[in-house]
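What follows is the content of final22.cif, which has mmCIF, C-alpha atoms:
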```
data_target
loop_
_atom_site.label_atom_id
_atom_site.label_comp_id
_atom_site.auth_asym_id
_atom_site.auth_seq_id
_atom_site.Cartn_x
_atom_site.Cartn_y
_atom_site.Cartn_z
CA MET U 1 149.32 87.05 132.74
CA LYS U 2 148.84 87.44 128.97
CA THR U 3 145.58 86.59 127.18
CA SER U 4 147.26 83.77 125.28
CA GLN U 5 148.30 82.24 128.58
CA LYS U 6 144.81 82.49 130.04
CA ARG U 7 142.94 80.81 127.16
CA GLY U 8 142.67 77.06 127.35
CA GLY U 9 143.96 76.91 130.91
CA ALA U 10 142.45 75.72 134.17
CA LEU U 11 141.41 79.29 135.05
CA GLU U 12 139.20 79.56 131.96
CA GLU U 13 137.44 76.26 132.67
CA GLU U 14 136.97 77.10 136.36
CA LEU U 15 135.69 80.60 135.56
CA LYS U 16 133.29 79.19 132.97
CA GLN U 17 131.87 76.74 135.51
CA TYR U 18 131.64 79.57 138.07
CA ILE U 19 129.69 81.76 135.60
CA LEU U 20 127.28 78.90 134.81
CA GLY U 21 126.94 77.92 138.49
CA GLN U 22 128.35 74.43 137.88
CA LEU U 23 130.89 74.47 140.74
CA THR U 24 130.15 72.76 144.02
CA GLU U 25 129.42 75.00 147.00
CA GLN U 26 132.89 74.31 148.45
CA ASP U 27 134.66 74.94 145.12
CA GLU U 28 132.67 78.14 144.57
CA GLU U 29 133.58 79.45 148.02
CA ARG U 30 137.24 78.48 147.46
CA PHE U 31 137.23 80.33 144.10
CA GLU U 32 135.74 83.48 145.68
CA GLN U 33 138.34 83.34 148.47
CA ARG U 34 141.02 83.16 145.79
CA LEU U 35 139.61 86.26 144.07
CA MET U 36 139.48 88.17 147.36
CA THR U 37 143.19 87.65 147.94
CA ALA U 38 144.27 88.13 144.31
CA THR U 39 146.32 91.01 142.91
CA ASP U 40 144.83 93.82 140.82
CA GLU U 41 146.58 92.41 137.74
CA PHE U 42 144.99 89.00 138.26
CA LEU U 43 141.54 90.56 138.80
CA GLN U 44 141.97 92.57 135.58
CA ASP U 45 142.77 89.33 133.74
CA VAL U 46 139.70 87.68 135.25
CA ASP U 47 137.52 90.63 134.15
CA GLU U 48 138.83 90.40 130.58
CA LEU U 49 138.43 86.62 130.46
CA THR U 50 134.88 86.94 131.86
CA GLU U 51 133.96 89.28 128.99
CA VAL U 52 135.41 86.82 126.44
CA LEU U 53 133.55 83.88 128.00
CA HIS U 54 130.27 85.84 128.03
CA ASN U 55 130.65 86.48 124.28
CA GLU U 56 131.52 82.84 123.56
CA LEU U 57 128.60 81.55 125.64
CA VAL U 58 126.20 83.83 123.74
CA GLU U 59 127.55 82.56 120.39
CA ASP U 60 127.42 78.91 121.49
CA TYR U 61 123.88 79.41 122.85
CA LEU U 62 122.63 80.81 119.52
CA ALA U 63 124.50 78.12 117.58
CA GLY U 64 123.10 75.31 119.76
CA LYS U 65 126.58 74.18 120.81
CA LEU U 66 125.90 74.16 124.57
CA THR U 67 125.10 70.92 126.36
CA GLU U 68 121.68 70.54 127.91
CA ALA U 69 123.08 71.29 131.38
CA GLN U 70 125.02 74.33 130.10
CA ARG U 71 122.00 75.64 128.20
CA SER U 72 119.78 75.30 131.28
CA ALA U 73 122.40 77.06 133.44
CA PHE U 74 122.79 79.82 130.80
CA GLU U 75 119.04 80.48 130.69
CA ARG U 76 118.76 80.43 134.48
CA ARG U 77 121.79 82.55 135.44
CA LEU U 78 122.73 84.71 132.43
CA LEU U 79 119.63 85.19 130.27
CA PRO U 80 117.89 87.54 132.80
CA SER U 81 120.93 89.87 132.67
CA PRO U 82 120.28 93.04 130.55
CA LYS U 83 123.88 92.95 129.36
CA ILE U 84 123.58 89.36 128.10
CA GLY U 85 120.25 90.25 126.50
CA GLU U 86 121.93 93.04 124.52
CA LYS U 87 124.69 90.66 123.42
CA LEU U 88 122.07 88.14 122.26
CA LEU U 89 120.18 90.75 120.21
CA LEU U 90 123.40 92.04 118.61
CA ALA U 91 124.70 88.55 117.81
CA GLN U 92 121.34 87.52 116.36
CA ALA U 93 121.21 90.66 114.20
CA LEU U 94 124.72 90.03 112.88
CA ARG U 95 123.85 86.43 112.06
CA VAL U 96 120.72 87.54 110.14
CA LYS U 97 122.74 90.16 108.23
CA VAL U 98 125.37 87.56 107.28
CA ARG U 99 122.70 85.12 106.09
CA ARG U 100 121.05 87.83 103.95
CA SER U 101 124.34 88.86 102.36
CA GLU U 102 125.41 85.31 101.60
CA GLY U 103 123.06 85.11 98.59
CA VAL U 104 124.49 88.26 96.93
CA PRO U 105 127.61 87.79 94.76
CA LEU U 106 130.75 89.42 96.09
CA ALA U 107 131.23 91.51 92.93
CA GLU U 108 127.72 92.99 93.20
CA ARG U 109 128.18 93.80 96.91
CA PHE U 110 131.50 95.49 96.15
CA ARG U 111 130.00 97.41 93.21
CA ALA U 112 127.01 98.54 95.30
CA TRP U 113 129.31 99.88 97.98
CA ILE U 114 132.08 101.47 95.88
CA GLY U 115 130.03 102.54 92.79
CA PRO U 116 128.58 105.78 94.21
CA MET U 117 132.06 106.94 95.14
CA LEU U 118 133.15 106.77 91.47
CA ARG U 119 130.46 109.23 90.36
CA PRO U 120 131.65 112.87 90.74
CA ALA U 121 128.37 114.39 91.86
CA PRO U 122 127.51 112.19 94.88
CA ALA U 123 131.12 111.81 95.98
CA LEU U 124 130.82 114.51 98.64
CA ALA U 125 127.61 113.00 99.98
CA MET U 126 129.25 109.58 100.13
CA CYS U 127 132.27 110.96 102.00
CA THR U 128 129.93 112.72 104.41
CA SER U 129 128.05 109.47 104.97
CA LEU U 130 131.29 107.61 105.59
CA LEU U 131 132.35 110.25 108.09
CA LEU U 132 129.03 109.97 109.87
CA VAL U 133 129.33 106.19 109.94
CA ALA U 134 132.89 106.46 111.27
CA ALA U 135 131.79 108.96 113.91
CA GLY U 136 128.92 106.68 114.90
CA GLY U 137 131.30 103.73 115.10
CA TRP U 138 133.69 105.71 117.29
CA ALA U 139 130.81 106.76 119.55
CA ALA U 140 129.64 103.15 119.79
CA TYR U 141 133.20 102.10 120.62
CA ARG U 142 133.45 104.73 123.37
CA ILE U 143 130.08 103.66 124.77
CA SER U 144 131.26 100.03 124.72
CA MET U 145 134.46 100.99 126.57
CA LEU U 146 132.50 102.95 129.18
CA GLN U 147 130.09 100.03 129.61
CA SER U 148 133.06 97.67 130.04
CA ARG U 149 134.51 99.90 132.77
CA LEU U 150 131.11 100.04 134.46
CA ASP U 151 130.90 96.25 134.35
CA GLN U 152 134.39 96.02 135.85
CA SER U 153 133.34 98.37 138.66
CA SER U 154 130.24 96.24 139.28
CA SER U 155 132.43 93.14 139.38
CA ARG U 156 134.78 94.77 141.90
CA GLN U 157 131.76 95.80 143.98
CA ARG U 158 130.50 92.22 143.96
CA LEU U 159 133.90 90.92 145.04
CA LEU U 160 133.93 93.46 147.87
CA GLU U 161 130.48 92.32 149.00
CA VAL U 162 131.61 88.69 148.92
CA ALA U 163 134.68 89.61 150.99
CA GLN U 164 132.51 91.45 153.53
CA GLU U 165 130.11 88.50 153.81
CA SER U 166 133.03 86.09 154.28
CA SER U 167 134.57 88.34 156.93
CA HIS U 168 131.23 88.54 158.71
CA ARG U 169 130.94 84.74 158.77
CA GLN U 170 134.50 84.44 160.06
CA VAL U 171 133.80 86.97 162.84
CA GLU U 172 130.67 85.05 163.85
CA ALA U 173 132.58 81.77 163.91
CA LEU U 174 135.39 83.35 165.95
CA THR U 175 132.84 84.80 168.38
CA ARG U 176 131.29 81.37 168.91
CA GLU U 177 134.72 79.80 169.44
CA LEU U 178 135.65 82.47 171.98
CA ALA U 179 132.35 81.97 173.80
CA SER U 180 132.98 78.23 173.81
CA ALA U 181 136.49 78.67 175.17
CA ALA U 182 135.26 81.05 177.86
CA SER U 183 132.52 78.60 178.82
CA ARG U 184 134.97 75.72 179.11
CA LEU U 185 137.36 77.85 181.19
CA ALA U 186 134.57 78.96 183.49
CA GLY U 187 133.40 75.38 183.78
CA MET U 188 136.87 74.17 184.73
CA GLU U 189 137.29 76.93 187.30
CA GLN U 190 133.95 76.21 188.91
CA ARG U 191 134.41 72.48 188.67
CA PHE U 192 137.56 72.50 190.78
CA ALA U 193 136.58 75.39 193.05
CA PRO U 194 135.45 74.50 196.59
CA THR U 195 131.68 74.49 196.97
CA GLY U 196 131.71 76.42 200.21
CA GLY U 197 128.15 75.24 200.60
CA GLN U 198 126.27 72.96 202.88
CA GLY U 199 127.41 69.59 201.61
CA VAL U 200 126.03 70.15 198.10
CA SER U 201 128.19 68.96 195.18
CA ALA U 202 129.33 71.64 192.75
CA VAL U 203 129.08 69.20 189.80
CA ALA U 204 126.12 67.06 188.72
CA SER U 205 126.10 64.57 185.83
CA PHE U 206 123.13 63.56 183.70
CA ILE U 207 122.93 60.97 180.90
CA LEU U 208 121.03 62.03 177.76
CA LYS U 209 119.72 59.72 175.07
CA PRO U 210 119.34 60.83 171.43
CA GLY U 211 115.95 61.55 169.88
CA LEU U 212 112.94 63.69 170.65
CA LEU U 213 111.63 61.70 173.63
CA ARG U 214 112.96 59.03 175.91
CA SER U 215 111.45 55.55 175.76
CA GLY U 216 109.29 56.43 178.77
CA GLY U 217 107.74 59.30 176.85
CA GLU U 218 109.26 62.09 178.98
CA VAL U 219 112.05 64.54 178.30
CA THR U 220 115.10 64.04 180.50
CA ARG U 221 114.93 66.42 183.48
CA VAL U 222 118.12 68.15 184.57
CA ALA U 223 117.67 69.38 188.15
CA ILE U 224 119.74 72.42 189.15
CA GLY U 225 119.92 72.79 192.89
CA PRO U 226 121.44 75.46 195.13
CA GLY U 227 125.24 75.56 195.04
CA LEU U 228 125.46 73.63 191.76
CA SER U 229 128.06 75.32 189.57
CA VAL U 230 128.66 72.85 186.71
CA VAL U 231 126.24 70.54 184.89
CA GLU U 232 127.88 67.67 183.02
CA LEU U 233 125.63 66.29 180.29
CA LYS U 234 126.82 62.86 179.10
CA LEU U 235 125.56 62.20 175.57
CA ASP U 236 125.16 58.51 174.72
CA VAL U 237 126.67 58.17 171.21
CA GLY U 238 126.88 54.37 171.08
CA LEU U 239 130.18 54.29 169.15
CA ALA U 240 133.22 56.57 169.03
CA GLU U 241 133.05 57.27 165.28
CA TYR U 242 134.95 60.58 165.14
CA PRO U 243 138.24 61.89 166.54
CA SER U 244 136.41 64.79 168.20
CA TYR U 245 132.96 66.30 168.59
CA ARG U 246 131.24 69.70 168.81
CA ALA U 247 128.06 70.37 170.77
CA ALA U 248 125.73 73.35 170.24
CA ILE U 249 123.15 74.10 172.97
CA HIS U 250 119.83 75.62 171.80
CA ASP U 251 116.94 76.83 173.95
CA SER U 252 113.21 76.39 173.22
CA GLY U 253 113.32 79.41 170.90
CA ASP U 254 116.08 77.70 168.86
CA ASN U 255 118.59 80.33 170.02
CA GLU U 256 122.17 79.03 170.09
CA LEU U 257 123.50 79.69 173.59
CA VAL U 258 126.99 78.21 173.41
CA VAL U 259 129.13 75.89 171.30
CA VAL U 260 131.54 73.52 173.01
CA GLY U 261 134.25 71.97 170.84
CA ALA U 262 137.19 69.56 171.11
CA LEU U 263 135.05 66.98 172.92
CA GLN U 264 136.11 63.33 173.11
CA ALA U 265 134.02 60.15 173.18
CA VAL U 266 134.85 58.07 176.30
CA PRO U 267 133.64 54.49 176.96
CA ALA U 268 132.06 53.91 180.38
CA GLY U 269 129.84 51.16 181.75
CA GLY U 270 129.30 49.39 178.43
CA SER U 271 128.38 52.63 176.61
CA VAL U 272 130.26 55.46 174.94
CA TYR U 273 129.60 59.03 176.11
CA VAL U 274 130.55 62.52 175.01
CA ALA U 275 130.61 64.68 178.15
CA VAL U 276 129.51 68.31 177.70
CA PRO U 277 130.31 70.54 180.72
CA LEU U 278 128.07 73.60 181.10
CA PRO U 279 127.99 76.38 183.70
CA ALA U 280 124.77 75.87 185.67
CA ARG U 281 124.03 79.60 185.63
CA ILE U 282 123.29 79.65 181.86
CA LEU U 283 120.49 77.08 182.20
CA ARG U 284 117.18 78.72 183.02
CA PRO U 285 114.01 76.67 183.52
CA ASP U 286 113.30 75.79 179.89
CA ASP U 287 113.46 73.03 177.27
CA TYR U 288 116.84 72.66 175.58
CA GLN U 289 118.38 70.64 172.78
CA ILE U 290 122.01 69.68 172.24
CA ARG U 291 122.96 69.24 168.58
CA LEU U 292 126.02 67.02 168.40
CA ARG U 293 128.34 67.04 165.38
CA GLY U 294 131.37 64.89 164.67
CA VAL U 295 134.64 66.33 163.35
CA THR U 296 136.54 64.08 160.93
CA ALA U 297 140.33 63.92 160.65
CA SER U 298 140.14 66.25 157.64
CA GLY U 299 138.08 68.80 159.58
CA GLN U 300 134.71 68.03 157.99
CA ILE U 301 131.67 68.63 160.23
CA VAL U 302 129.08 65.80 160.26
CA ALA U 303 125.73 65.91 162.09
CA VAL U 304 125.42 63.06 164.62
CA ASP U 305 122.17 63.45 166.61
CA SER U 306 120.17 65.73 168.90
CA TYR U 307 119.69 65.33 172.66
CA PRO U 308 116.74 67.09 174.31
CA PHE U 309 116.46 67.87 178.01
CA ARG U 310 114.49 70.10 180.37
CA ALA U 311 116.22 72.23 183.01
CA VAL U 312 114.35 72.69 186.29
CA ARG U 313 115.31 74.58 189.43
CA GLN U 314 115.13 73.02 192.86
#
```

File written out as C-alpha cells:
Amino acid sequence: MKTSQKRGGALEEELKQYILGQLTEQDEERFEQRLMTATDEFLQDVDELTEVLHNELVEDYLAGKLTEAQRSAFERRLLPSPKIGEKLLLAQALRVKVRRSEGVPLAERFRAWIGPMLRPAPALAMCTSLLLVAAGGWAAYRISMLQSRLDQSSSRQRLLEVAQESSHRQVEALTRELASAASRLAGMEQRFAPTGGQGVSAVASFILKPGLLRSGGEVTRVAIGPGLSVVELKLDVGLAEYPSYRAAIHDSGDNELVVVGALQAVPAGGSVYVAVPLPARILRPDDYQIRLRGVTASGQIVAVDSYPFRAVRQ
C-alpha cells in the first residue's frame, strides 16, 4: 500500500478516530482485531500514517482547526504524551520563527545570509559554521529516525499486549462455555439415570420470580434432599422476547459458578418459563442469584433480569 493510496481513504479516517478515541467500543475492538491479524506491510503503513496524523493533529491544534470534540479528545488522549509535547514545542517555535521573519524583506534576509560568504577573510569560518550546522542537522535526523523506530517498537509492543488480552478473554469465554456444556451433559446424564434410592425423585423443579425478594418478603427456598441429582429452576420471564437465553449462576460472594446457554423460553400454565437445569451437587447451603440474559438473532447479549434463591439441605 503506497502513501498516496492511504491518504484520504477510509483507513485514515478510521485511524484518526481511533487515535482521538472517537470510535465506539465495538468499532475500537474490531479495529484492534484487524491490526492483530494484519501483515507486517500493513502494520508498517499504519505506523507511517499514524506519524503523519500525529503531525497534522498538532498543526491543526495550534491553528485552531480542530472541532470542539476533537480538541477535547486531543487534550485528553495526546497532550500528556511526551512525544506530542515535543512536537507541539517544535511546531510552535517554527511558527514564531516564521512570524518574525515575515517582516524582513527577502533581499535583506538573503544578503544577511550570503554576505559573509563573499568576504574573503570570514569565508573559512562561514564554511566551518555551515559544516557544523549540516552535521547537527544530520545528527538530528539520525536521532529522529531512531526515535521513529523506537515508537514503532512501542506500537508493536502495544499491539502484542492487545492480542494477549484478547486471547485471554477468548480463553476465559471458552472455559465458561466448556463448563456450561459439561454441566448440561452431567445434568442430562443424572436426569435420566435411575435414582436407585428409596422412592426419592432424582429431579426437582422450582419456580423463581424476578427481583430481589418475592412478594411475601422471603427469598425462594430450594430444598435439596437426599438422592436429588438435578435441580430444575424455572425462571418466570413473562414473555418469550428472545430466540435463546443464557443464565449465569452466582453465589453470595458474587462468584460465577456456571453459565448455561442455548436455553429456550417455554409457555406453561399461563406463564412463560426458561428452565435452567443444575446438578444438585454444586449447590451448597447459600444464597444464590441467577442473572438471565437474552440472545438476539444477531448474537447480541441483552440483560433480562435476576432471580434470587436460597439453597437448603434436607

Query - Separation of atom CA of U:Ala240 from atom CA of U:Gly211 in Å - result: 18.0 Å

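Of note, atom CA of U:His250 and atom CA of U:Gly269 are spaced 28.2 Å apart.
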
Query raised in the report: Quick one: of U:Gln17, U:Gln300, U:Ser155, U:Gln314, who's nearest to U:Leu35, counting all atoms listed in the file?
Result: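 Of all the options, U:Ser155 lies closest to U:Leu35.
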
Report summary line: As a check of understanding: the span from atom CA of U:Val295 to atom CA of U:Ile249 is 16.9 Å

Query raised in the report: For U:Ile207, which of U:Gly225, U:Asp287, U:Tyr273, U:Arg246 is the closest residue, counting all atoms listed in the file?
Result: U:Tyr273

Query - Nearest to U:Phe31 by atom-to-atom distance, counting all atoms listed in the file, from U:Asp305, U:Gln44, U:Ser252, U:Val162 - result: U:Val162

Query raised in the report: Restricting the calculation to only C-alpha atoms, which member of U:Leu208, U:Ala297, U:Leu49, U:Ile19 is positioned closest to U:Val222?
Result: U:Leu208

Query raised in the report: Taking into account only C-alpha atoms, which residue in the set U:Arg169, U:Leu160, U:Ala311, U:Val302 is nearest to U:Phe206?
Result: U:Ala311

Report task. Go through U:Leu278, U:Leu257, U:Met36, U:Leu20 and flag the residue nearest U:Val231, using only C-alpha atoms for the distances. Result -> U:Leu278

Report task. Determine the residue set returned by the PyMOL selection byres ((chain U and resi 70-78) around 12) for the present structure, and present it as JSON, numbers by chain. Result -> {"U": [16, 17, 18, 19, 20, 21, 22, 23, 53, 54, 55, 56, 57, 58, 59, 60, 61, 62, 63, 64, 65, 66, 67, 68, 69, 79, 80, 81, 82, 83, 84, 85, 86, 87, 88]}
